[in-house]
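Data first, discussion second: the structure below is written as structure tokens.
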Amino acid sequence: MKPRKWLLLWALLLRPSLRRPFLLLASLLGIAAGTAILCALNLANQRALHSFEVGAAGLPGEDGERWVQLRSPRGRIPVADLSPCLNALPRGVRCRGVLSETLQTQQGPVRLLGMDGDFATAAAPLFSSGLLRKAPALTLLDGRVVRPAATLPSPEYLVVLDFPEAWALTAGRDTELAPGYDYIEISTPHAQLLTELERAISVPVRRVTAAQQIESQKALTATYRFNLRVLGGMSILIGALLLRNVAALYCLLKRPALAVLRQLGASRRLLLLLLLTEQALLGLCGGALGLLLGLRLEAAVSERVIQTVSDLYVKTAAARSELPVLGAVLTIVAGMGIFLLAGAQSTWQLASVMPAALSKRVGQAQDTAPLSLRRSLVLLLRALAVIFAAPYVPPVRISWLADAQTPQPLFGYLAAGAVFVVAYALAPHAQQLWARAMTKVFSVRLAPRFPALAIAARRSLRAGTRGRAAVTTLAGGLGLIIGIELMVGGFRHSLDAWISTVFQSDWVGDIRALPGTETRPRILESELHQLQQLPGVRGVDCILLSDGFVVGGAHGSKRAVKIAGVEDALLPERAAPVEPLQTLDGRSGLQLLQLLSQDPRYALVSEPLASKFHVGPGDSIQVELGAGPAQQFMIAAVTREYSSELGFVYVDRKLLGAALGLDGCHGLRVYGEAGLASSRRDALLAAMPAHNPALWQKVRLFPNEQVRKGALRTFDQTFAVTAILTVLAALLGGLALLVQVIQSVAERTPEWMSLRRLGTSRWGLLRLCAAEIGLAVLAGLSVGVVSGTLLGWILCFAINKQAFGWSVAFLVPVSVLRALILTAVFGGALWLMGTGLSALVLRPADRLRVTRE
Amino acid sequence: MSIQVEQVEKTFGSVRALGPVGFVIPQGTQLALLGESGSGKSTLLNLLGCTEIPTKGRVLLDGRDTATLSDSELSKLRLSTLGYVHQFFDLVSDLSALENVLLPQWLSGVRDHGGRAEQLLRELGLGARLHQLAANLSGGEQQRVAIARALVLSPKLLLADEPSGSLDSQNGAQVVQLLRQSAEQLGATLVMATHSQAAASQFRYHLRLRDGRVEHAELPSSTSSEGAAQ
């Protein structure tokens, strides 16, 4: 006959678990938190990917491969250029002008396509089926309502309008810009036809297909999106640490019942089956909860991810993501799998001991494995070898992982994982060292005066591997927070240094052309000269912006980059100029700009670009400016410019203008007299529009403070998603604390009862708890600082350097360490509160339950 | 069930807890296992109860060497042929008295819908406490529940480790009597460890341990302990 497994499962495991609501809640939340983050980050990733497709592809339902897009490096294509295209087309070939924008509505942002030409817009507005499910009509911000006349089969939030209407709602709303298309699309084109069409268009254009555009955007953001997945994986790792403790606690609490079962004749197999079934059920419930939480969290995370991608990479819209049923099931299974894996060791240990050993009370000598210094040393040395090798192992490409088509610093991520191995190896030894030191200090002579400290020190000294879990969790969590803060602090320091040198008082502000049609220069040469004549203006730096491609490099391919044509239009009497650019080798930015203007063979590149192409000063690169063939430039210096992951190539403004067929510029940096007071600066800014009202219709003025805030905002957004990890670490730390409290109480209650019967007072017990917790916090903090420093080092010199090409200062943020010590103390106080309260309520008269629990 | 112990030793690390000892207990024997604390009584009972494996030597139960059996075979043996009563009762505190007694039936798959379990508990005077949680019973009541659990599958070998150790003298004497009567009714072999002379005096056969060796044995056969001879 077979044992009645479900009955045993319910009576011995599930029902008692339901009677411990705090532990049950902590485990469910732990599983749910890890699953939710994984779900949210992956969905956000998918959402970003879908956004590229909607932004770059044509109409849903059409064969995207057949359509070629003509895009201009100068920006939009004038609407007047569409007619010649339409006239030149043979029968059967279709052509249309497309505006691709984001439309803000009261129902949220939606993707807007405005179409002209060979597109039947009689049925416009067209709503996608996905949008229709969300809202039967769209209410614009001004209150007007747009209702659909027909639908398109697409899960995205997409609306298609006639071009004039779309332009009026978006780019043309607040300005007097001439309308233009983001691209002109032609179906089934022949090469010769395309060449003819290109000649007919008044601005230089490049050919690209929707698929190439999507792939280019995907490749561009691959590293960022890969990091999102890694973040998801790391959240699992952190969650697994918590869940390991939860599983160990479950095993501890279930030990007496399982001892009885084994005694009575339950086999190991039956025990394992019962334990794993319970854990699987718990994991399924936690995973399901995590899925629900993850779907809610996804909206907030997606918004942040899309915003970061838009700010740093390419403009993209927040398209809707759907989780298929299979994906939902896999997410829940992942949650279950995490819990099972995390608890595997404890479960196996419980099931594999002999029945007689299982009956012995936990805490007896046989349960405490001695620490092996040799084993810890071997583990530590191996982990350190991986960590210190990380900056020198080049990034690798994984062909089967879509996001890793561009090389990723996998060894760096491995090294980050090795940091937790360091914490695991060091934690019990750190506790031993502190305990040994305290045992010596609170010797037999001093023990009567400080009994709590003396007992705590000796108890910790003999804890062996039993003390490992709490200290390792504490060290891991603190280490993660320290590591991230070291990286972020380093960036902030670099940024602060740049801001303090560049954003000086004589930098009055920036004048930037409004984005839109680039059929004529935004700020003409004549307008530039007029500005230079204004009283109080001492100098103007000009910048002309475009998109281009760097050809070749280590990858032998074309890679989209931003091109900046720069010029330092100094007035002769200007003295002691501020450095407009910061270079890695510290050379003068001003002198480098003068070099560019004197010798057009030179260019400057930003550090992200230099890292991706493995180039530096003295190397050559091939750059496509405008629509013509690539030109070769020699790199004069590498600049610290991180506002775009595309990377910047700086060339002389006049050279770029010639390639684009433009003069003038898109932006100016205006300098006043040296040492200008802020009131004088504001007055100068206020006086500018009066001198040329026509100019001010098409530009926007950014005062010094606003530019500075914008730089800091970009910085903050770069690390927005990293902040999620810090919050997660704190959340899981809190849960781990709760579990630790329950475990401490479960283990120590019989001992406390004995102490109370011996005559220890309530406050004496509390002091004992405080001493032990304080020792664990000291050990955790000391290991946390070491592991955090190592993690910060890896993040700065391996992961960020190889993934994004950023050089980050490695600093010790004293304020962060101070905050962390306070956090550790606060956490310890919470631990003490939970444990101490349980100790305080014990009464000496309470009978020891003779079932050995 | 007959028991044969041949040159058995048990060590834990560097500590020898028992042995070498050797003796034979025929089927149906009721034996008191005597000795001070630390003499090896519990270790010997664990070896007889198949919850430990001897470091050296053999323990044969009805001719089967326990050291050669797999974990599942040992588990089956414990379930189907052994009944164990501990000093500290070893009940599951989250289960009721009846559920504790039903545990062996649940493990073996026997479905008598609680008939025998309930009958045993009523015979032991716990009819009114069937559904009380084990943690809420008195010491004597808990020990009777433990006895009922040990008897529910009609074992061939009953092992009791200081069953009266946690009880007052009246309850203790009752428990010992219950065990003896139950063993006699079932025709089972009973081995009871005790350090109480009063409890031991109820048994005809004795085995006294000292420092892990057999100091003195009065057994049904003429076998004397090899340990004592050594």
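FYI, nothing fancy with the structure tokens labels: chains A, B, ... in order, residues from 1 per chain, ligands from 1 as they appear.
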
Name all residues at most 9 Å from Leu738 in chain A (count only C-alpha atoms; drop same-chain ones fewer than 5 positions away) and give them as an mmCIF file with N, CA, C and O atoms, in the first residue's frame.
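Output file part_20.cif follows:
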```cif
data_model
loop_
_atom_site.group_PDB
_atom_site.id
_atom_site.type_symbol
_atom_site.label_atom_id
_atom_site.label_comp_id
_atom_site.auth_asym_id
_atom_site.auth_seq_id
_atom_site.Cartn_x
_atom_site.Cartn_y
_atom_site.Cartn_z
ATOM 1 N N PHE A 22 3.313 35.096 9.572
ATOM 2 C CA PHE A 22 4.412 36.015 9.255
ATOM 3 C C PHE A 22 5.444 35.345 8.362
ATOM 4 O O PHE A 22 5.895 35.936 7.379
ATOM 5 N N LEU A 23 5.798 34.120 8.721
ATOM 6 C CA LEU A 23 6.788 33.405 7.922
ATOM 7 C C LEU A 23 6.245 33.121 6.533
ATOM 8 O O LEU A 23 6.936 33.292 5.527
ATOM 9 N N ALA A 26 6.328 36.299 4.586
ATOM 10 C CA ALA A 26 7.697 36.673 4.200
ATOM 11 C C ALA A 26 8.165 35.838 3.022
ATOM 12 O O ALA A 26 8.760 36.354 2.066
ATOM 13 N N GLY A 733 16.141 43.091 1.861
ATOM 14 C CA GLY A 733 16.821 43.147 3.146
ATOM 15 C C GLY A 733 15.829 43.189 4.290
ATOM 16 O O GLY A 733 16.007 42.514 5.313
ATOM 17 N N GLN A 743 13.568 33.164 12.773
ATOM 18 C CA GLN A 743 14.525 32.067 12.967
ATOM 19 C C GLN A 743 15.186 32.173 14.332
ATOM 20 O O GLN A 743 15.338 31.169 15.034
ATOM 21 N N LEU A 830 15.989 46.983 14.301
ATOM 22 C CA LEU A 830 14.723 46.320 13.960
ATOM 23 C C LEU A 830 14.781 44.837 14.313
ATOM 24 O O LEU A 830 13.811 44.260 14.825
ATOM 25 N N TRP A 831 15.912 44.233 14.009
ATOM 26 C CA TRP A 831 16.127 42.817 14.337
ATOM 27 C C TRP A 831 15.983 42.616 15.843
ATOM 28 O O TRP A 831 15.321 41.686 16.312
ATOM 29 N N GLY A 834 12.320 42.883 17.045
ATOM 30 C CA GLY A 834 11.511 41.690 16.826
ATOM 31 C C GLY A 834 11.909 40.554 17.748
ATOM 32 O O GLY A 834 11.064 39.909 18.373
#
```

Can you check which residues of chain A have any atom within 9 Å of chain B? Use only C-alpha atoms and format it as an mmCIF file with all heavy atoms, in the first residue's frame.
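Result file follows (selection-v4.cif):
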```
data_model
loop_
_atom_site.group_PDB
_atom_site.id
_atom_site.type_symbol
_atom_site.label_atom_id
_atom_site.label_comp_id
_atom_site.auth_asym_id
_atom_site.auth_seq_id
_atom_site.Cartn_x
_atom_site.Cartn_y
_atom_site.Cartn_z
ATOM 1 N N MET A 1 0.849 -1.214 0.000
ATOM 2 C CA MET A 1 0.000 0.000 0.000
ATOM 3 C C MET A 1 0.877 1.253 0.000
ATOM 4 O O MET A 1 1.946 1.254 0.568
ATOM 5 C CB MET A 1 -0.875 0.011 1.257
ATOM 6 C CG MET A 1 -2.002 -0.979 1.169
ATOM 7 S SD MET A 1 -3.284 -0.499 2.320
ATOM 8 C CE MET A 1 -4.046 -2.081 2.587
ATOM 9 N N LYS A 2 0.343 2.302 -0.591
ATOM 10 C CA LYS A 2 1.132 3.526 -0.705
ATOM 11 C C LYS A 2 0.758 4.478 0.436
ATOM 12 O O LYS A 2 -0.402 4.525 0.861
ATOM 13 C CB LYS A 2 0.796 4.226 -2.023
ATOM 14 C CG LYS A 2 1.064 3.349 -3.228
ATOM 15 C CD LYS A 2 2.296 3.825 -3.928
ATOM 16 C CE LYS A 2 2.444 2.979 -5.163
ATOM 17 N NZ LYS A 2 3.586 2.723 -5.688
ATOM 18 N N PRO A 3 1.726 5.218 0.890
ATOM 19 C CA PRO A 3 1.428 6.194 1.944
ATOM 20 C C PRO A 3 0.442 7.246 1.443
ATOM 21 O O PRO A 3 0.387 7.542 0.257
ATOM 22 C CB PRO A 3 2.773 6.857 2.237
ATOM 23 C CG PRO A 3 3.784 6.133 1.460
ATOM 24 C CD PRO A 3 3.132 5.236 0.497
ATOM 25 N N ARG A 4 -0.330 7.807 2.372
ATOM 26 C CA ARG A 4 -1.336 8.810 1.999
ATOM 27 C C ARG A 4 -0.659 10.177 1.995
ATOM 28 O O ARG A 4 -0.707 10.926 2.971
ATOM 29 C CB ARG A 4 -2.490 8.727 2.968
ATOM 30 C CG ARG A 4 -3.177 7.342 2.910
ATOM 31 C CD ARG A 4 -4.289 7.198 3.898
ATOM 32 N NE ARG A 4 -5.406 8.053 3.561
ATOM 33 C CZ ARG A 4 -6.486 8.164 4.325
ATOM 34 N NH1 ARG A 4 -6.565 7.489 5.465
ATOM 35 N NH2 ARG A 4 -7.469 8.955 3.962
ATOM 36 N N LYS A 5 -0.051 10.437 0.864
ATOM 37 C CA LYS A 5 0.853 11.585 0.789
ATOM 38 C C LYS A 5 0.132 12.906 0.986
ATOM 39 O O LYS A 5 0.631 13.800 1.667
ATOM 40 C CB LYS A 5 1.564 11.589 -0.570
ATOM 41 C CG LYS A 5 2.409 10.334 -0.823
ATOM 42 C CD LYS A 5 3.159 10.447 -2.135
ATOM 43 C CE LYS A 5 3.843 9.148 -2.481
ATOM 44 N NZ LYS A 5 2.996 8.180 -3.155
ATOM 45 N N LEU A 7 -2.526 13.592 2.552
ATOM 46 C CA LEU A 7 -2.960 13.768 3.934
ATOM 47 C C LEU A 7 -1.774 14.167 4.812
ATOM 48 O O LEU A 7 -1.858 15.059 5.652
ATOM 49 C CB LEU A 7 -3.568 12.451 4.426
ATOM 50 C CG LEU A 7 -4.388 12.443 5.701
ATOM 51 C CD1 LEU A 7 -5.405 13.563 5.715
ATOM 52 C CD2 LEU A 7 -5.078 11.098 5.854
ATOM 53 N N LEU A 8 -0.653 13.491 4.603
ATOM 54 C CA LEU A 8 0.563 13.808 5.353
ATOM 55 C C LEU A 8 1.019 15.225 5.031
ATOM 56 O O LEU A 8 1.412 15.989 5.913
ATOM 57 C CB LEU A 8 1.677 12.816 4.989
ATOM 58 C CG LEU A 8 1.524 11.416 5.567
ATOM 59 C CD1 LEU A 8 2.445 10.439 4.860
ATOM 60 C CD2 LEU A 8 1.813 11.397 7.059
ATOM 61 N N ALA A 11 -1.493 17.697 6.792
ATOM 62 C CA ALA A 11 -1.492 17.711 8.259
ATOM 63 C C ALA A 11 -0.144 18.127 8.831
ATOM 64 O O ALA A 11 -0.069 18.836 9.830
ATOM 65 C CB ALA A 11 -1.884 16.330 8.784
ATOM 66 N N LEU A 12 0.925 17.675 8.206
ATOM 67 C CA LEU A 12 2.245 17.884 8.813
ATOM 68 C C LEU A 12 2.966 19.128 8.312
ATOM 69 O O LEU A 12 3.799 19.676 9.012
ATOM 70 C CB LEU A 12 3.123 16.667 8.533
ATOM 71 C CG LEU A 12 2.841 15.497 9.455
ATOM 72 C CD1 LEU A 12 3.444 14.234 8.899
ATOM 73 C CD2 LEU A 12 3.417 15.746 10.833
ATOM 74 N N ARG A 15 -0.720 22.700 6.867
ATOM 75 C CA ARG A 15 -1.553 23.277 7.928
ATOM 76 C C ARG A 15 -0.701 24.011 8.964
ATOM 77 O O ARG A 15 -1.050 25.124 9.357
ATOM 78 C CB ARG A 15 -2.405 22.189 8.571
ATOM 79 C CG ARG A 15 -3.573 22.710 9.389
ATOM 80 C CD ARG A 15 -4.489 21.591 9.822
ATOM 81 N NE ARG A 15 -3.811 20.695 10.726
ATOM 82 C CZ ARG A 15 -4.328 19.528 11.142
ATOM 83 N NH1 ARG A 15 -5.516 19.144 10.724
ATOM 84 N NH2 ARG A 15 -3.651 18.748 11.955
ATOM 85 N N PRO A 16 0.425 23.434 9.439
ATOM 86 C CA PRO A 16 1.274 24.189 10.361
ATOM 87 C C PRO A 16 1.837 25.470 9.731
ATOM 88 O O PRO A 16 2.001 26.471 10.407
ATOM 89 C CB PRO A 16 2.406 23.213 10.691
ATOM 90 C CG PRO A 16 1.832 21.869 10.436
ATOM 91 C CD PRO A 16 0.889 22.037 9.305
ATOM 92 N N PRO A 256 11.104 18.746 13.910
ATOM 93 C CA PRO A 256 10.553 17.785 14.880
ATOM 94 C C PRO A 256 9.501 16.860 14.261
ATOM 95 O O PRO A 256 9.513 15.653 14.487
ATOM 96 C CB PRO A 256 9.926 18.674 15.959
ATOM 97 C CG PRO A 256 10.620 19.969 15.833
ATOM 98 C CD PRO A 256 10.921 20.119 14.378
ATOM 99 N N ALA A 257 8.600 17.437 13.471
ATOM 100 C CA ALA A 257 7.556 16.616 12.846
ATOM 101 C C ALA A 257 8.174 15.602 11.890
ATOM 102 O O ALA A 257 7.766 14.434 11.825
ATOM 103 C CB ALA A 257 6.564 17.507 12.103
ATOM 104 N N LEU A 258 9.170 16.049 11.157
ATOM 105 C CA LEU A 258 9.804 15.137 10.199
ATOM 106 C C LEU A 258 10.610 14.067 10.911
ATOM 107 O O LEU A 258 10.718 12.931 10.423
ATOM 108 C CB LEU A 258 10.694 15.946 9.249
ATOM 109 C CG LEU A 258 9.917 16.924 8.369
ATOM 110 C CD1 LEU A 258 10.855 17.795 7.562
ATOM 111 C CD2 LEU A 258 8.979 16.191 7.446
ATOM 112 N N ALA A 259 11.167 14.417 12.074
ATOM 113 C CA ALA A 259 11.889 13.415 12.858
ATOM 114 C C ALA A 259 10.938 12.286 13.264
ATOM 115 O O ALA A 259 11.286 11.100 13.197
ATOM 116 C CB ALA A 259 12.496 14.061 14.100
ATOM 117 N N VAL A 260 9.731 12.667 13.663
ATOM 118 C CA VAL A 260 8.734 11.661 14.040
ATOM 119 C C VAL A 260 8.393 10.778 12.843
ATOM 120 O O VAL A 260 8.334 9.554 12.938
ATOM 121 C CB VAL A 260 7.462 12.357 14.581
ATOM 122 C CG1 VAL A 260 6.330 11.364 14.752
ATOM 123 C CG2 VAL A 260 7.768 13.046 15.903
ATOM 124 N N LEU A 261 8.211 11.411 11.703
ATOM 125 C CA LEU A 261 7.885 10.645 10.489
ATOM 126 C C LEU A 261 8.971 9.632 10.164
ATOM 127 O O LEU A 261 8.686 8.472 9.839
ATOM 128 C CB LEU A 261 7.731 11.602 9.301
ATOM 129 C CG LEU A 261 6.351 12.141 8.979
ATOM 130 C CD1 LEU A 261 6.370 12.826 7.622
ATOM 131 C CD2 LEU A 261 5.296 11.061 8.993
ATOM 132 N N ARG A 262 10.201 10.074 10.243
ATOM 133 C CA ARG A 262 11.306 9.170 9.920
ATOM 134 C C ARG A 262 11.372 8.025 10.914
ATOM 135 O O ARG A 262 11.592 6.873 10.545
ATOM 136 C CB ARG A 262 12.634 9.938 9.921
ATOM 137 C CG ARG A 262 12.847 10.725 8.662
ATOM 138 C CD ARG A 262 13.196 9.854 7.472
ATOM 139 N NE ARG A 262 14.609 9.571 7.381
ATOM 140 C CZ ARG A 262 15.111 8.511 6.767
ATOM 141 N NH1 ARG A 262 14.325 7.626 6.194
ATOM 142 N NH2 ARG A 262 16.421 8.337 6.711
ATOM 143 N N GLN A 263 11.176 8.393 12.165
ATOM 144 C CA GLN A 263 11.181 7.381 13.216
ATOM 145 C C GLN A 263 10.122 6.322 12.941
ATOM 146 O O GLN A 263 10.354 5.130 13.119
ATOM 147 C CB GLN A 263 10.867 8.065 14.555
ATOM 148 C CG GLN A 263 11.215 7.227 15.746
ATOM 149 C CD GLN A 263 12.584 7.589 16.263
ATOM 150 O OE1 GLN A 263 12.876 8.750 16.492
ATOM 151 N NE2 GLN A 263 13.438 6.603 16.439
ATOM 152 N N LEU A 264 8.967 6.781 12.521
ATOM 153 C CA LEU A 264 7.853 5.855 12.307
ATOM 154 C C LEU A 264 8.031 4.991 11.069
ATOM 155 O O LEU A 264 7.364 3.982 10.907
ATOM 156 C CB LEU A 264 6.536 6.645 12.184
ATOM 157 C CG LEU A 264 6.037 7.276 13.468
ATOM 158 C CD1 LEU A 264 4.813 8.149 13.194
ATOM 159 C CD2 LEU A 264 5.668 6.216 14.487
ATOM 160 N N GLY A 265 8.920 5.439 10.176
ATOM 161 C CA GLY A 265 9.147 4.594 9.013
ATOM 162 C C GLY A 265 8.952 5.279 7.672
ATOM 163 O O GLY A 265 8.876 4.601 6.649
ATOM 164 N N ALA A 266 8.881 6.612 7.673
ATOM 165 C CA ALA A 266 8.810 7.295 6.379
ATOM 166 C C ALA A 266 10.185 7.234 5.731
ATOM 167 O O ALA A 266 11.192 7.443 6.385
ATOM 168 C CB ALA A 266 8.402 8.751 6.582
ATOM 169 N N SER A 267 10.199 6.945 4.435
ATOM 170 C CA SER A 267 11.483 6.862 3.739
ATOM 171 C C SER A 267 11.977 8.263 3.413
ATOM 172 O O SER A 267 11.218 9.240 3.449
ATOM 173 C CB SER A 267 11.326 6.053 2.457
ATOM 174 O OG SER A 267 10.433 6.737 1.582
ATOM 175 N N ARG A 268 13.251 8.335 3.049
ATOM 176 C CA ARG A 268 13.844 9.616 2.629
ATOM 177 C C ARG A 268 13.085 10.163 1.432
ATOM 178 O O ARG A 268 12.853 11.355 1.329
ATOM 179 C CB ARG A 268 15.280 9.365 2.176
ATOM 180 C CG ARG A 268 16.266 9.637 3.216
ATOM 181 C CD ARG A 268 17.665 9.504 2.702
ATOM 182 N NE ARG A 268 18.495 9.183 3.843
ATOM 183 C CZ ARG A 268 19.439 8.293 3.877
ATOM 184 N NH1 ARG A 268 19.735 7.588 2.804
ATOM 185 N NH2 ARG A 268 20.127 8.064 4.966
ATOM 186 N N ARG A 269 12.757 9.255 0.557
ATOM 187 C CA ARG A 269 12.076 9.665 -0.674
ATOM 188 C C ARG A 269 10.741 10.331 -0.357
ATOM 189 O O ARG A 269 10.383 11.348 -0.934
ATOM 190 C CB ARG A 269 11.849 8.427 -1.526
ATOM 191 C CG ARG A 269 11.947 8.685 -2.998
ATOM 192 C CD ARG A 269 11.953 7.412 -3.752
ATOM 193 N NE ARG A 269 10.952 7.487 -4.802
ATOM 194 C CZ ARG A 269 10.542 6.469 -5.511
ATOM 195 N NH1 ARG A 269 11.003 5.279 -5.278
ATOM 196 N NH2 ARG A 269 9.658 6.624 -6.456
ATOM 197 N N MET A 354 20.235 10.568 9.192
ATOM 198 C CA MET A 354 19.640 9.382 9.806
ATOM 199 C C MET A 354 18.527 9.821 10.762
ATOM 200 O O MET A 354 18.608 10.893 11.361
ATOM 201 C CB MET A 354 20.703 8.598 10.579
ATOM 202 C CG MET A 354 21.710 7.884 9.693
ATOM 203 S SD MET A 354 20.948 6.649 8.634
ATOM 204 C CE MET A 354 20.424 5.435 9.828
ATOM 205 N N PRO A 355 17.527 8.972 10.942
ATOM 206 C CA PRO A 355 16.395 9.347 11.788
ATOM 207 C C PRO A 355 16.790 9.739 13.211
ATOM 208 O O PRO A 355 16.226 10.659 13.782
ATOM 209 C CB PRO A 355 15.525 8.078 11.809
ATOM 210 C CG PRO A 355 15.895 7.360 10.560
ATOM 211 C CD PRO A 355 17.325 7.685 10.301
ATOM 212 N N ALA A 356 17.775 9.047 13.762
ATOM 213 C CA ALA A 356 18.160 9.359 15.142
ATOM 214 C C ALA A 356 18.777 10.751 15.223
ATOM 215 O O ALA A 356 18.539 11.492 16.168
ATOM 216 C CB ALA A 356 19.141 8.311 15.668
ATOM 217 N N ALA A 357 19.585 11.107 14.218
ATOM 218 C CA ALA A 357 20.210 12.430 14.212
ATOM 219 C C ALA A 357 19.153 13.513 14.027
ATOM 220 O O ALA A 357 19.269 14.608 14.575
ATOM 221 C CB ALA A 357 21.246 12.515 13.101
ATOM 222 N N SER A 359 16.253 13.488 15.227
ATOM 223 C CA SER A 359 15.505 13.683 16.465
ATOM 224 C C SER A 359 16.224 14.586 17.430
ATOM 225 O O SER A 359 15.616 15.124 18.343
ATOM 226 C CB SER A 359 15.266 12.339 17.163
ATOM 227 O OG SER A 359 14.580 11.479 16.305
ATOM 228 N N ARG A 849 7.530 22.698 26.117
ATOM 229 C CA ARG A 849 6.724 21.704 25.405
ATOM 230 C C ARG A 849 7.573 20.476 25.179
ATOM 231 O O ARG A 849 8.639 20.543 24.624
ATOM 232 C CB ARG A 849 6.251 22.293 24.074
ATOM 233 C CG ARG A 849 5.231 23.394 24.265
ATOM 234 C CD ARG A 849 3.986 22.868 24.913
ATOM 235 N NE ARG A 849 3.122 23.933 25.384
ATOM 236 C CZ ARG A 849 2.188 23.765 26.311
ATOM 237 N NH1 ARG A 849 2.032 22.598 26.868
ATOM 238 N NH2 ARG A 849 1.413 24.767 26.681
ATOM 239 N N VAL A 850 7.098 19.328 25.584
ATOM 240 C CA VAL A 850 7.953 18.146 25.590
ATOM 241 C C VAL A 850 8.003 17.461 24.239
ATOM 242 O O VAL A 850 8.443 16.346 24.125
ATOM 243 C CB VAL A 850 7.506 17.143 26.660
ATOM 244 C CG1 VAL A 850 7.749 17.733 28.019
ATOM 245 C CG2 VAL A 850 6.053 16.777 26.460
ATOM 246 N N THR A 851 7.478 18.123 23.238
ATOM 247 C CA THR A 851 7.630 17.560 21.903
ATOM 248 C C THR A 851 8.913 18.053 21.258
ATOM 249 O O THR A 851 9.102 17.943 20.072
ATOM 250 C CB THR A 851 6.437 17.962 21.027
ATOM 251 O OG1 THR A 851 6.253 19.371 21.124
ATOM 252 C CG2 THR A 851 5.207 17.235 21.441
ATOM 253 N N ARG A 852 9.801 18.625 22.056
ATOM 254 C CA ARG A 852 11.148 18.997 21.637
ATOM 255 C C ARG A 852 11.173 20.109 20.598
ATOM 256 O O ARG A 852 12.086 20.197 19.797
ATOM 257 C CB ARG A 852 11.903 17.811 21.056
ATOM 258 C CG ARG A 852 12.188 16.716 22.031
ATOM 259 C CD ARG A 852 13.317 15.863 21.514
ATOM 260 N NE ARG A 852 13.177 14.490 21.953
ATOM 261 C CZ ARG A 852 13.958 13.513 21.551
ATOM 262 N NH1 ARG A 852 14.902 13.745 20.702
ATOM 263 N NH2 ARG A 852 13.807 12.290 21.982
ATOM 264 N N GLU A 853 10.177 20.946 20.566
ATOM 265 C CA GLU A 853 10.232 22.080 19.620
ATOM 266 C C GLU A 853 10.804 23.262 20.345
ATOM 267 O O GLU A 853 10.621 23.463 21.492
ATOM 268 C CB GLU A 853 8.845 22.365 19.089
ATOM 269 C CG GLU A 853 8.462 21.286 18.087
ATOM 270 C CD GLU A 853 7.189 21.643 17.363
ATOM 271 O OE1 GLU A 853 6.879 22.845 17.282
ATOM 272 O OE2 GLU A 853 6.505 20.747 16.908
#
```

- Report as a PyMOL selection string: the residues of range 121-357 of chain A with a DSSP assignment of strand (DSSP E or B), based on the backbone of this structure. chain A and resi 126-128+138-140+145-146+150-152+158-162+180-181+183-187+206-209

- Message: Show me, as number ranges by chain, the residues that have an atom within 6 Å of Gly212 in chain B when counting only C-alpha atoms, minus same-chain residues fewer than 4 positions from it.
- Response: B: 17-19, 39-40

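Each of B:Leu157, B:Leu137, B:Leu48, B:Ala32 was checked against His206 in chain B using only C-alpha atoms; the smallest atom-to-atom distance is that of B:Ala32.
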
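By only C-alpha atoms, and with residues fewer than 5 positions from Ser597 in chain A along its chain excluded, the set lying at most 8 Å from it is Glu567, Asp652 and Arg653 of chain A.
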
Put those residues in a file: C-alpha atoms, as a compact mmCIF listing (two decimals), in the first residue's frame.
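Final file, again16.txt:
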```
# COMPACT_ATOMS: atom_id res chain seq x y z
CA GLU A 567 33.25 76.05 -34.05
CA ASP A 652 34.63 71.42 -38.04
CA ARG A 653 31.25 73.15 -38.44
```

- Message: Give me the residues near range 437-454 of chain A as a VMD selection string, where near means some atom within 7 Å (using only C-alpha atoms) and where sequence neighbours in that chain fewer than 4 positions away do not count.
- Response: chain A and resid 433 458 767 to 768 771

For those residues, write C-alpha atoms to a file as a short mmCIF file (atom, residue, chain, number, x, y, z; two decimals), in the first residue's frame.
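In the end it all went to result24.cif:
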```cif
data_model
loop_
_atom_site.label_atom_id
_atom_site.label_comp_id
_atom_site.auth_asym_id
_atom_site.auth_seq_id
_atom_site.Cartn_x
_atom_site.Cartn_y
_atom_site.Cartn_z
CA LEU A 433 37.31 37.26 14.34
CA ARG A 458 31.38 32.87 23.23
CA ARG A 767 20.89 42.76 26.46
CA LEU A 768 21.95 39.30 25.37
CA ALA A 771 24.95 41.80 22.03
#
```

- Task: Write out as a VMD selection string each polymer residue whose atoms come within 10 Å of Ser169 in chain B, counting only C-alpha atoms; drop sequence neighbours fewer than 6 positions from it.
- Result: chain B and resid 175 198 to 199

- Query: What's the 9 Å shell around range 190-193 of chain A, counting only C-alpha atoms, without same-chain residues fewer than 5 positions away, as a PyMOL selection string?
  - Reply: chain A and resi 88-89+198
